[in-house]
Every structure is written in C-alpha cells, then in structure tokens.
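See structure below.
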Amino acid sequence: MKDAKAKIKKFLSQYFVNHELQDNEDIFAQGFVNSMFAMQLVLFVEQEFQVTIENDDLDIENFNTINAIAKLLERKMAVFAGN
C-alpha cells in the first residue's frame, strides 16, 4: 500500500500547495476539504485504483487521512481478490 499512499499524497498535494500533508493528518479537521473536494477525492480513488466506493464506504473516517484512504483500499482490494 506504500505505492497507493504515494499516489494519494500526490493527488492531494495538488490542492495543498503550501502544506506538507502527513499520512495521519486529518484533512477534514484542518478545514482543507469541502463537499465538492470530497467528491473529487472519491472519484479519484475509484478511477485511480479501479474500485467502487459504495454508499457504506462514504464515511468521513474512510477519507480523513492518507492512512485511512489506504486502509479503505486494502479492504476493498481484499474483497475483490477474494471473489
């Protein structure tokens, strides 16, 4: 998942120009994210990693940090690999 974290960080860095985002930094708590950006983030994750984000996945806890997004991807890919 190290590669996934790097891709996520690269995507987010486009929007956090003057801020070095840490893997465990809550982007929602910092006030960096609005609802439009949250949807862009979901679309990026779906397209970049070829996963489907279900309604049940749309929890702030799954998207508030780079680590949380990577863990969500791990779960999604584990389910996919199991099929």
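Within each chain, counting starts at residue 1; across the structure tokens, chains are named A, B, ... in the order shown, with ligands numbered 1 upward in that order.
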
List the neighbours of Ile53 of chain A out to 9 Å using only C-alpha atoms; skip same-chain residues closer than 3 positions along the sequence, and give me the result as number ranges by chain. A: 42-43, 45-46, 56-58, 76

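Minimum distance to Asn67 of chain A across A:Gln14, A:Asn55, A:Gln30, A:Asn24 (counting only C-alpha atoms) occurs at A:Asn24.
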
Quick one: of A:Phe16, A:Glu74, A:Lys5, A:Ile27, who's nearest to Val51 of chain A, counting only C-alpha atoms? A:Glu74

Neighbour list for Lys2 of chain A as a PyMOL selection string, cut-off 10 Å, only C-alpha atoms, skip fewer than 4 positions in-chain: chain A and resi 6-8+67+70

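You will find atom CA of Asp26 of chain A at 5.0 Å from atom CA of Thr65 of chain A.
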
Report the distance between atom CA of Gln22 of chain A and atom CA of Phe49 of chain A in Å, rounded to one decimal place. 20.8 Å

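Across the model, the gap from atom CA of Glu61 of chain A to atom CA of Lys10 of chain A is 20.2 Å.
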
Which of chain A fall in alpha helix (DSSP H), as a PyMOL selection string: chain A and resi 2-13+35-49+60-63+66-82

Suppose we keep C-alpha atoms; can you now write the selection as a short mmCIF file (atom, residue, chain, number, x, y, z; two decimals), in the first residue's frame?
data_model
loop_
_atom_site.label_atom_id
_atom_site.label_comp_id
_atom_site.auth_asym_id
_atom_site.auth_seq_id
_atom_site.Cartn_x
_atom_site.Cartn_y
_atom_site.Cartn_z
CA LYS A 2 3.04 2.26 0.05
CA ASP A 3 2.54 2.92 -3.67
CA ALA A 4 -1.14 3.73 -3.03
CA LYS A 5 -0.20 6.21 -0.31
CA ALA A 6 2.24 7.91 -2.68
CA LYS A 7 -0.46 8.26 -5.36
CA ILE A 8 -2.96 9.60 -2.82
CA LYS A 9 -0.42 12.07 -1.46
CA LYS A 10 0.45 13.24 -4.98
CA PHE A 11 -3.23 13.81 -5.79
CA LEU A 12 -3.84 15.70 -2.53
CA SER A 13 -0.68 17.78 -2.90
CA SER A 35 -18.07 18.73 -0.10
CA MET A 36 -17.04 19.32 -3.72
CA PHE A 37 -13.47 18.31 -2.99
CA ALA A 38 -14.68 15.26 -1.05
CA MET A 39 -16.49 14.06 -4.18
CA GLN A 40 -13.38 14.70 -6.30
CA LEU A 41 -11.41 12.60 -3.83
CA VAL A 42 -13.90 9.72 -4.05
CA LEU A 43 -13.80 9.86 -7.87
CA PHE A 44 -10.00 9.90 -7.85
CA VAL A 45 -9.89 6.82 -5.60
CA GLU A 46 -12.38 4.95 -7.78
CA GLN A 47 -10.63 5.79 -11.04
CA GLU A 48 -7.02 5.51 -9.91
CA PHE A 49 -7.43 2.21 -8.05
CA ILE A 60 -15.55 10.58 6.84
CA GLU A 61 -13.42 8.09 8.79
CA ASN A 62 -12.52 6.37 5.48
CA PHE A 63 -11.30 9.56 3.82
CA ILE A 66 -3.98 9.30 3.71
CA ASN A 67 -3.69 6.31 6.03
CA ALA A 68 -7.49 5.95 6.24
CA ILE A 69 -7.85 6.01 2.45
CA ALA A 70 -5.09 3.40 2.10
CA LYS A 71 -6.83 1.16 4.67
CA LEU A 72 -10.12 1.51 2.78
CA LEU A 73 -8.34 0.48 -0.41
CA GLU A 74 -6.79 -2.52 1.35
CA ARG A 75 -10.25 -3.67 2.45
CA LYS A 76 -11.76 -3.07 -0.99
CA MET A 77 -8.96 -4.91 -2.76
CA ALA A 78 -9.05 -7.80 -0.29
CA VAL A 79 -12.77 -8.25 -1.02
CA PHE A 80 -12.08 -8.03 -4.74
CA ALA A 81 -9.22 -10.54 -4.54
CA GLY A 82 -11.45 -12.92 -2.60
#
